[in-house]
$ cat structure_26.cif   # mmCIF, N, CA, C and O atoms
data_structure
loop_
_atom_site.label_atom_id
_atom_site.label_comp_id
_atom_site.auth_asym_id
_atom_site.auth_seq_id
_atom_site.Cartn_x
_atom_site.Cartn_y
_atom_site.Cartn_z
N ALA A 1 0.85 -1.19 0.00
CA ALA A 1 0.00 0.00 0.00
C ALA A 1 0.89 1.24 0.00
O ALA A 1 1.78 1.36 0.82
N GLY A 2 0.61 2.15 -0.91
CA GLY A 2 1.38 3.38 -1.02
C GLY A 2 0.81 4.46 -0.12
O GLY A 2 -0.06 4.21 0.71
N PRO A 3 1.29 5.67 -0.32
CA PRO A 3 0.82 6.80 0.49
C PRO A 3 -0.68 7.01 0.32
O PRO A 3 -1.22 6.82 -0.76
N GLN A 4 -1.32 7.40 1.39
CA GLN A 4 -2.76 7.67 1.35
C GLN A 4 -3.01 9.11 1.75
O GLN A 4 -2.47 9.58 2.75
N ALA A 5 -3.81 9.80 0.95
CA ALA A 5 -4.20 11.17 1.29
C ALA A 5 -5.59 11.13 1.90
O ALA A 5 -6.47 10.42 1.42
N ARG A 6 -5.75 11.87 2.96
CA ARG A 6 -7.05 11.95 3.63
C ARG A 6 -7.36 13.42 3.87
O ARG A 6 -6.49 14.17 4.30
N ALA A 7 -8.58 13.80 3.61
CA ALA A 7 -9.03 15.17 3.91
C ALA A 7 -9.96 15.09 5.11
O ALA A 7 -10.81 14.20 5.20
N ILE A 8 -9.79 16.01 6.03
CA ILE A 8 -10.60 16.05 7.24
C ILE A 8 -11.21 17.43 7.35
O ILE A 8 -10.51 18.44 7.17
N ALA A 9 -12.49 17.50 7.66
CA ALA A 9 -13.15 18.79 7.82
C ALA A 9 -12.58 19.51 9.04
O ALA A 9 -12.45 18.93 10.11
N TYR A 10 -12.21 20.76 8.84
CA TYR A 10 -11.66 21.56 9.94
C TYR A 10 -12.78 21.97 10.88
O TYR A 10 -13.89 22.27 10.46
N ARG A 11 -12.47 22.01 12.17
CA ARG A 11 -13.40 22.59 13.13
C ARG A 11 -12.63 23.48 14.08
O ARG A 11 -11.41 23.31 14.28
N HIS A 12 -13.31 24.43 14.65
CA HIS A 12 -12.72 25.44 15.52
C HIS A 12 -11.89 24.80 16.64
O HIS A 12 -12.32 23.83 17.25
N LYS A 13 -10.71 25.33 16.87
CA LYS A 13 -9.79 24.87 17.92
C LYS A 13 -9.32 23.44 17.73
O LYS A 13 -9.02 22.73 18.69
N MET A 14 -9.24 22.97 16.49
CA MET A 14 -8.77 21.62 16.20
C MET A 14 -7.27 21.51 16.51
O MET A 14 -6.51 22.45 16.29
N THR A 15 -6.89 20.35 17.06
CA THR A 15 -5.48 20.09 17.36
C THR A 15 -5.01 18.87 16.58
O THR A 15 -5.81 18.12 16.01
N LEU A 16 -3.71 18.65 16.62
CA LEU A 16 -3.14 17.48 15.96
C LEU A 16 -3.73 16.19 16.55
O LEU A 16 -4.00 15.24 15.82
N LEU A 17 -3.96 16.16 17.85
CA LEU A 17 -4.55 14.98 18.47
C LEU A 17 -5.96 14.72 17.91
O LEU A 17 -6.32 13.58 17.65
N ASP A 18 -6.72 15.78 17.67
CA ASP A 18 -8.05 15.62 17.05
C ASP A 18 -7.92 14.97 15.67
O ASP A 18 -8.74 14.12 15.29
N VAL A 19 -6.92 15.38 14.91
CA VAL A 19 -6.69 14.81 13.58
C VAL A 19 -6.38 13.32 13.70
O VAL A 19 -6.92 12.50 12.96
N MET A 20 -5.54 12.95 14.65
CA MET A 20 -5.17 11.54 14.82
C MET A 20 -6.39 10.70 15.19
O MET A 20 -6.54 9.58 14.71
N VAL A 21 -7.26 11.24 16.04
CA VAL A 21 -8.49 10.53 16.40
C VAL A 21 -9.36 10.36 15.16
O VAL A 21 -9.91 9.29 14.91
N ALA A 22 -9.47 11.41 14.34
CA ALA A 22 -10.32 11.38 13.16
C ALA A 22 -9.86 10.35 12.13
O ALA A 22 -10.68 9.75 11.45
N ILE A 23 -8.54 10.12 12.03
CA ILE A 23 -8.05 9.16 11.04
C ILE A 23 -7.80 7.78 11.64
O ILE A 23 -7.39 6.86 10.95
N GLY A 24 -8.02 7.64 12.93
CA GLY A 24 -7.88 6.32 13.56
C GLY A 24 -6.46 5.97 13.95
O GLY A 24 -6.13 4.79 14.07
N GLY A 25 -5.60 6.97 14.15
CA GLY A 25 -4.24 6.71 14.61
C GLY A 25 -3.28 6.44 13.47
O GLY A 25 -3.58 6.65 12.31
N LEU A 26 -2.09 5.96 13.83
CA LEU A 26 -1.03 5.72 12.86
C LEU A 26 -1.01 4.26 12.42
O LEU A 26 -1.40 3.37 13.17
N SER A 27 -0.52 4.04 11.20
CA SER A 27 -0.29 2.66 10.76
C SER A 27 0.95 2.14 11.47
O SER A 27 1.76 2.90 12.01
N GLU A 28 1.14 0.83 11.45
CA GLU A 28 2.29 0.23 12.12
C GLU A 28 3.59 0.64 11.45
O GLU A 28 4.66 0.50 12.03
N PHE A 29 3.54 1.15 10.22
CA PHE A 29 4.75 1.51 9.49
C PHE A 29 5.07 3.00 9.56
O PHE A 29 6.04 3.46 8.97
N ALA A 30 4.25 3.77 10.27
CA ALA A 30 4.44 5.22 10.32
C ALA A 30 5.68 5.60 11.14
O ALA A 30 5.98 4.99 12.15
N ALA A 31 6.37 6.63 10.66
CA ALA A 31 7.51 7.21 11.39
C ALA A 31 7.00 8.51 12.03
O ALA A 31 7.27 9.60 11.55
N GLY A 32 6.24 8.36 13.11
CA GLY A 32 5.51 9.47 13.69
C GLY A 32 6.33 10.67 14.11
O GLY A 32 5.90 11.80 13.94
N ASN A 33 7.52 10.45 14.67
CA ASN A 33 8.33 11.58 15.11
C ASN A 33 9.05 12.27 13.95
O ASN A 33 9.74 13.26 14.16
N ASN A 34 8.88 11.79 12.74
CA ASN A 34 9.41 12.46 11.54
C ASN A 34 8.30 13.18 10.78
O ASN A 34 8.49 13.58 9.63
N THR A 35 7.15 13.34 11.40
CA THR A 35 6.01 13.99 10.78
C THR A 35 6.29 15.47 10.56
O THR A 35 6.97 16.11 11.36
N LYS A 36 5.75 15.99 9.45
CA LYS A 36 5.88 17.40 9.15
C LYS A 36 4.50 18.03 9.03
O LYS A 36 3.56 17.41 8.55
N LEU A 37 4.41 19.27 9.48
CA LEU A 37 3.22 20.09 9.29
C LEU A 37 3.58 21.13 8.25
O LEU A 37 4.56 21.85 8.41
N VAL A 38 2.81 21.19 7.17
CA VAL A 38 3.04 22.17 6.11
C VAL A 38 1.91 23.20 6.20
O VAL A 38 0.73 22.86 6.21
N ARG A 39 2.31 24.49 6.31
CA ARG A 39 1.35 25.56 6.51
C ARG A 39 1.76 26.78 5.68
O ARG A 39 2.94 27.09 5.59
N MET A 40 0.78 27.45 5.10
CA MET A 40 1.05 28.70 4.39
C MET A 40 1.08 29.83 5.41
O MET A 40 0.14 30.00 6.18
N VAL A 41 2.19 30.59 5.44
CA VAL A 41 2.36 31.72 6.35
C VAL A 41 2.77 32.92 5.51
O VAL A 41 3.82 32.89 4.87
N ASP A 42 1.93 33.93 5.49
CA ASP A 42 2.19 35.13 4.69
C ASP A 42 2.51 34.79 3.24
O ASP A 42 3.44 35.33 2.65
N GLY A 43 1.76 33.85 2.68
CA GLY A 43 1.92 33.49 1.28
C GLY A 43 3.09 32.57 0.98
O GLY A 43 3.35 32.25 -0.17
N LYS A 44 3.80 32.12 2.01
CA LYS A 44 4.94 31.23 1.82
C LYS A 44 4.72 29.93 2.56
O LYS A 44 4.20 29.92 3.68
N GLN A 45 5.12 28.82 1.93
CA GLN A 45 4.98 27.51 2.55
C GLN A 45 6.04 27.32 3.63
O GLN A 45 7.22 27.50 3.37
N GLN A 46 5.61 26.98 4.83
CA GLN A 46 6.51 26.71 5.95
C GLN A 46 6.33 25.26 6.38
O GLN A 46 5.23 24.73 6.34
N GLU A 47 7.43 24.64 6.80
CA GLU A 47 7.37 23.27 7.33
C GLU A 47 7.81 23.26 8.78
O GLU A 47 8.78 23.93 9.14
N TYR A 48 7.10 22.49 9.59
CA TYR A 48 7.40 22.36 11.01
C TYR A 48 7.51 20.88 11.34
O TYR A 48 6.70 20.08 10.90
N GLN A 49 8.50 20.52 12.14
CA GLN A 49 8.66 19.14 12.59
C GLN A 49 7.66 18.87 13.72
O GLN A 49 7.48 19.72 14.60
N ILE A 50 7.03 17.72 13.69
CA ILE A 50 6.06 17.33 14.71
C ILE A 50 6.50 16.01 15.34
O ILE A 50 6.97 15.12 14.65
N ARG A 51 6.32 15.89 16.66
CA ARG A 51 6.67 14.66 17.39
C ARG A 51 5.39 13.85 17.63
O ARG A 51 4.87 13.76 18.73
N LEU A 52 4.90 13.23 16.57
CA LEU A 52 3.62 12.53 16.63
C LEU A 52 3.67 11.28 17.51
O LEU A 52 2.74 11.02 18.27
N ASP A 53 4.75 10.52 17.43
CA ASP A 53 4.86 9.34 18.31
C ASP A 53 4.80 9.76 19.77
O ASP A 53 4.11 9.14 20.58
N ASP A 54 5.55 10.83 20.11
CA ASP A 54 5.56 11.31 21.49
C ASP A 54 4.16 11.71 21.93
O ASP A 54 3.73 11.39 23.04
N LEU A 55 3.44 12.41 21.05
CA LEU A 55 2.07 12.84 21.38
C LEU A 55 1.18 11.63 21.66
O LEU A 55 0.47 11.60 22.66
N LEU A 56 1.24 10.64 20.80
CA LEU A 56 0.37 9.47 20.95
C LEU A 56 0.77 8.60 22.14
O LEU A 56 -0.02 7.78 22.60
N GLU A 57 1.99 8.80 22.64
CA GLU A 57 2.43 8.08 23.84
C GLU A 57 2.14 8.88 25.11
O GLU A 57 2.58 8.51 26.19
N GLY A 58 1.42 10.01 24.96
CA GLY A 58 0.98 10.75 26.14
C GLY A 58 1.68 12.07 26.41
O GLY A 58 1.34 12.75 27.38
N ASP A 59 2.64 12.47 25.57
CA ASP A 59 3.34 13.75 25.77
C ASP A 59 2.51 14.87 25.16
O ASP A 59 2.63 15.19 23.99
N ILE A 60 1.64 15.47 25.96
CA ILE A 60 0.71 16.48 25.48
C ILE A 60 1.44 17.74 25.01
O ILE A 60 0.88 18.54 24.25
N THR A 61 2.71 17.93 25.42
CA THR A 61 3.46 19.09 24.94
C THR A 61 3.75 18.99 23.44
O THR A 61 4.11 19.98 22.81
N ALA A 62 3.59 17.80 22.86
CA ALA A 62 3.80 17.61 21.43
C ALA A 62 2.56 17.95 20.61
O ALA A 62 2.59 17.93 19.39
N ASN A 63 1.44 18.26 21.28
CA ASN A 63 0.21 18.60 20.58
C ASN A 63 0.34 20.01 20.00
O ASN A 63 0.97 20.88 20.60
N VAL A 64 -0.21 20.23 18.81
CA VAL A 64 -0.17 21.55 18.18
C VAL A 64 -1.55 21.89 17.64
O VAL A 64 -2.35 21.00 17.32
N ASP A 65 -1.83 23.18 17.54
CA ASP A 65 -3.07 23.63 16.93
C ASP A 65 -3.00 23.44 15.42
O ASP A 65 -1.95 23.66 14.81
N ILE A 66 -4.11 23.06 14.85
CA ILE A 66 -4.22 22.88 13.40
C ILE A 66 -5.04 24.05 12.85
O ILE A 66 -6.02 24.46 13.47
N LEU A 67 -4.62 24.57 11.70
CA LEU A 67 -5.33 25.65 11.04
C LEU A 67 -5.93 25.17 9.72
O LEU A 67 -5.43 24.19 9.15
N PRO A 68 -6.98 25.83 9.23
CA PRO A 68 -7.54 25.43 7.93
C PRO A 68 -6.45 25.44 6.86
O PRO A 68 -5.63 26.36 6.81
N GLY A 69 -6.41 24.41 6.04
CA GLY A 69 -5.44 24.33 4.96
C GLY A 69 -4.13 23.67 5.35
O GLY A 69 -3.28 23.44 4.49
N ASP A 70 -3.92 23.36 6.63
CA ASP A 70 -2.70 22.68 7.04
C ASP A 70 -2.61 21.29 6.40
O ASP A 70 -3.63 20.63 6.19
N ILE A 71 -1.39 20.87 6.14
CA ILE A 71 -1.14 19.53 5.61
C ILE A 71 -0.22 18.82 6.59
O ILE A 71 0.83 19.36 6.97
N VAL A 72 -0.60 17.62 7.01
CA VAL A 72 0.22 16.81 7.91
C VAL A 72 0.78 15.66 7.08
O VAL A 72 0.03 14.89 6.48
N ILE A 73 2.11 15.56 7.02
CA ILE A 73 2.78 14.52 6.25
C ILE A 73 3.44 13.54 7.21
O ILE A 73 4.33 13.92 7.98
N ILE A 74 2.95 12.29 7.18
CA ILE A 74 3.47 11.25 8.07
C ILE A 74 4.22 10.25 7.22
O ILE A 74 3.60 9.46 6.48
N PRO A 75 5.56 10.25 7.28
CA PRO A 75 6.34 9.32 6.45
C PRO A 75 6.31 7.89 7.00
O PRO A 75 5.95 7.69 8.17
N GLN A 76 6.68 6.95 6.17
CA GLN A 76 6.81 5.56 6.60
C GLN A 76 8.22 5.32 7.13
O GLN A 76 9.16 5.96 6.70
N SER A 77 8.31 4.39 8.06
CA SER A 77 9.63 3.94 8.54
C SER A 77 10.21 3.02 7.50
O SER A 77 9.50 2.25 6.85
N TRP A 78 11.50 3.08 7.34
CA TRP A 78 12.21 2.15 6.44
C TRP A 78 13.08 1.26 7.32
O TRP A 78 13.93 1.75 8.04
N PHE A 79 12.79 -0.02 7.29
CA PHE A 79 13.50 -0.95 8.19
C PHE A 79 14.76 -1.48 7.55
O PHE A 79 14.84 -1.66 6.39
#

$ encode --input "structure_26.cif" --output "structure tokens"
Amino acid sequence: AGPQARAIAYRHKMTLLDVMVAIGGLSEFAAGNNTKLVRMVDGKQQEYQIRLDDLLEGDITANVDILPGDIVIIPQSWF
């Protein structure tokens, strides 16, 4: 199975944890701590590193607010 794109309806005060709940968590092959958040800021694309594995293991400091139009890229682990 290759990469899968999923669109999720934005709602007010949505966080990364809300997104993970909406998609049912990570696949067993996901490299969660290598996740990137892509966001347009002042007309320019910005990338931010996200610690998704840490968040899903209970580190709430890894949670981030999601904005309309954000893209979350979760790469696969290569064994």

$ residues_around --input "structure_26.cif" --residues "Gln46 (chain A)" --least-positions-apart "2" --cutoff "12 Å" --atoms "only C-alpha atoms" --output "list in words"
Lys36, Leu37, Val38, Arg39, Met40, Val41, Asp42, Gly43, Lys44, Tyr48, Gln49, Asp70, Ile71 and Val72 of chain A

$ residues_around --input "structure_26.cif" --residues "region 11-17 of chain A" --least-positions-apart "3" --cutoff "6 Å" --atoms "all atoms listed in the file" --output "list in words"
Met20, Val21, Ala22, Asn63, Val64, Asp65, Ile66 and Leu67 of chain A

$ axis_aligned_box --input "structure_26.cif" --around "region 4-21 of chain A" --padding-each-side "4 Å" --output "lines of an AutoDock Vina configuration file"
center_x = -7.6
center_y = 16.4
center_z = 9.8
size_x = 20.6
size_y = 26.0
size_z = 25.7

$ select_by_dssp --input "structure_26.cif" --residues "region 7-68 of chain A" --states "alpha helix (DSSP H)" --output "list in words"
Leu16, Leu17, Asp18, Val19, Met20, Val21, Ala22, Ile23, Leu52, Asp53, Asp54, Leu55 and Leu56 of chain A

$ atom_distance --input "structure_26.cif" --atom1 "CA of Leu52 (chain A)" --atom2 "CA of Ser27 (chain A)"
12.1 Å

$ closest_residue --input "structure_26.cif" --among "A:Gln4, A:Gly32, A:Ile74, A:Gly24" --to "Leu55 (chain A)" --atoms "all atoms listed in the file"
A:Gly32

$ select_by_dssp --input "structure_26.cif" --residues "region 8-72 of chain A" --states "strand (DSSP E or B)" --output "number ranges by chain"
A: 15, 30, 35-41, 44-50, 65, 71-72

$ closest_residue --input "structure_26.cif" --among "A:Arg6, A:Ala31, A:Gly25, A:Gly69" --to "Arg51 (chain A)" --atoms "all atoms listed in the file"
A:Ala31

$ atom_distance --input "structure_26.cif" --atom1 "atom O of Ala5 (chain A)" --atom2 "atom O of Ile23 (chain A)"
10.2 Å

$ atom_distance --input "structure_26.cif" --atom1 "atom O of Ser77 (chain A)" --atom2 "atom O of Ala9 (chain A)"
27.8 Å

$ residues_around --input "structure_26.cif" --residues "Phe29 (chain A)" --least-positions-apart "6" --cutoff "6 Å" --atoms "only N, CA, C and O atoms" --output "VMD selection string"
chain A and resid 75 to 78

$ closest_residue --input "structure_26.cif" --among "A:Pro68, A:Ile50, A:Asp59, A:Asp18" --to "Asn34 (chain A)" --atoms "all atoms listed in the file"
A:Ile50

$ build_atoms --input "structure_26.cif" --residues "region 65-76 of chain A" --atoms "all heavy atoms" --output "short mmCIF file (atom, residue, chain, number, x, y, z; two decimals), keeping the file's coordinate frame"
data_model
loop_
_atom_site.label_atom_id
_atom_site.label_comp_id
_atom_site.auth_asym_id
_atom_site.auth_seq_id
_atom_site.Cartn_x
_atom_site.Cartn_y
_atom_site.Cartn_z
N ASP A 65 -1.83 23.18 17.54
CA ASP A 65 -3.07 23.63 16.93
C ASP A 65 -3.00 23.44 15.42
O ASP A 65 -1.95 23.66 14.81
CB ASP A 65 -3.33 25.11 17.25
CG ASP A 65 -3.63 25.34 18.72
OD1 ASP A 65 -4.15 24.41 19.38
OD2 ASP A 65 -3.34 26.44 19.21
N ILE A 66 -4.11 23.06 14.85
CA ILE A 66 -4.22 22.88 13.40
C ILE A 66 -5.04 24.05 12.85
O ILE A 66 -6.02 24.46 13.47
CB ILE A 66 -4.91 21.54 13.06
CG1 ILE A 66 -4.07 20.36 13.58
CG2 ILE A 66 -5.19 21.40 11.57
CD1 ILE A 66 -2.73 20.19 12.91
N LEU A 67 -4.62 24.57 11.70
CA LEU A 67 -5.33 25.65 11.04
C LEU A 67 -5.93 25.17 9.72
O LEU A 67 -5.43 24.19 9.15
CB LEU A 67 -4.38 26.83 10.78
CG LEU A 67 -3.75 27.47 12.01
CD1 LEU A 67 -2.77 28.57 11.59
CD2 LEU A 67 -4.82 28.02 12.94
N PRO A 68 -6.98 25.83 9.23
CA PRO A 68 -7.54 25.43 7.93
C PRO A 68 -6.45 25.44 6.86
O PRO A 68 -5.63 26.36 6.81
CB PRO A 68 -8.59 26.51 7.65
CG PRO A 68 -8.95 27.05 9.00
CD PRO A 68 -7.69 26.98 9.81
N GLY A 69 -6.41 24.41 6.04
CA GLY A 69 -5.44 24.33 4.96
C GLY A 69 -4.13 23.67 5.35
O GLY A 69 -3.28 23.44 4.49
N ASP A 70 -3.92 23.36 6.63
CA ASP A 70 -2.70 22.68 7.04
C ASP A 70 -2.61 21.29 6.40
O ASP A 70 -3.63 20.63 6.19
CB ASP A 70 -2.64 22.51 8.57
CG ASP A 70 -2.22 23.77 9.30
OD1 ASP A 70 -1.88 24.78 8.64
OD2 ASP A 70 -2.23 23.73 10.54
N ILE A 71 -1.39 20.87 6.14
CA ILE A 71 -1.14 19.53 5.61
C ILE A 71 -0.22 18.82 6.59
O ILE A 71 0.83 19.36 6.97
CB ILE A 71 -0.49 19.59 4.21
CG1 ILE A 71 -1.41 20.30 3.24
CG2 ILE A 71 -0.14 18.19 3.72
CD1 ILE A 71 -0.75 20.65 1.92
N VAL A 72 -0.60 17.62 7.01
CA VAL A 72 0.22 16.81 7.91
C VAL A 72 0.78 15.66 7.08
O VAL A 72 0.03 14.89 6.48
CB VAL A 72 -0.61 16.27 9.10
CG1 VAL A 72 0.25 15.38 9.99
CG2 VAL A 72 -1.21 17.43 9.91
N ILE A 73 2.11 15.56 7.02
CA ILE A 73 2.78 14.52 6.25
C ILE A 73 3.44 13.54 7.21
O ILE A 73 4.33 13.92 7.98
CB ILE A 73 3.84 15.12 5.30
CG1 ILE A 73 3.17 16.11 4.34
CG2 ILE A 73 4.58 14.01 4.54
CD1 ILE A 73 4.16 16.93 3.52
N ILE A 74 2.95 12.29 7.18
CA ILE A 74 3.47 11.25 8.07
C ILE A 74 4.22 10.25 7.22
O ILE A 74 3.60 9.46 6.48
CB ILE A 74 2.32 10.55 8.83
CG1 ILE A 74 1.45 11.57 9.55
CG2 ILE A 74 2.88 9.51 9.80
CD1 ILE A 74 0.14 11.04 10.07
N PRO A 75 5.56 10.25 7.28
CA PRO A 75 6.34 9.32 6.45
C PRO A 75 6.31 7.89 7.00
O PRO A 75 5.95 7.69 8.17
CB PRO A 75 7.76 9.88 6.50
CG PRO A 75 7.81 10.59 7.82
CD PRO A 75 6.42 11.11 8.08
N GLN A 76 6.68 6.95 6.17
CA GLN A 76 6.81 5.56 6.60
C GLN A 76 8.22 5.32 7.13
O GLN A 76 9.16 5.96 6.70
CB GLN A 76 6.55 4.60 5.45
CG GLN A 76 5.10 4.49 5.07
CD GLN A 76 4.86 3.34 4.10
OE1 GLN A 76 5.78 2.80 3.51
NE2 GLN A 76 3.61 2.99 3.93
#
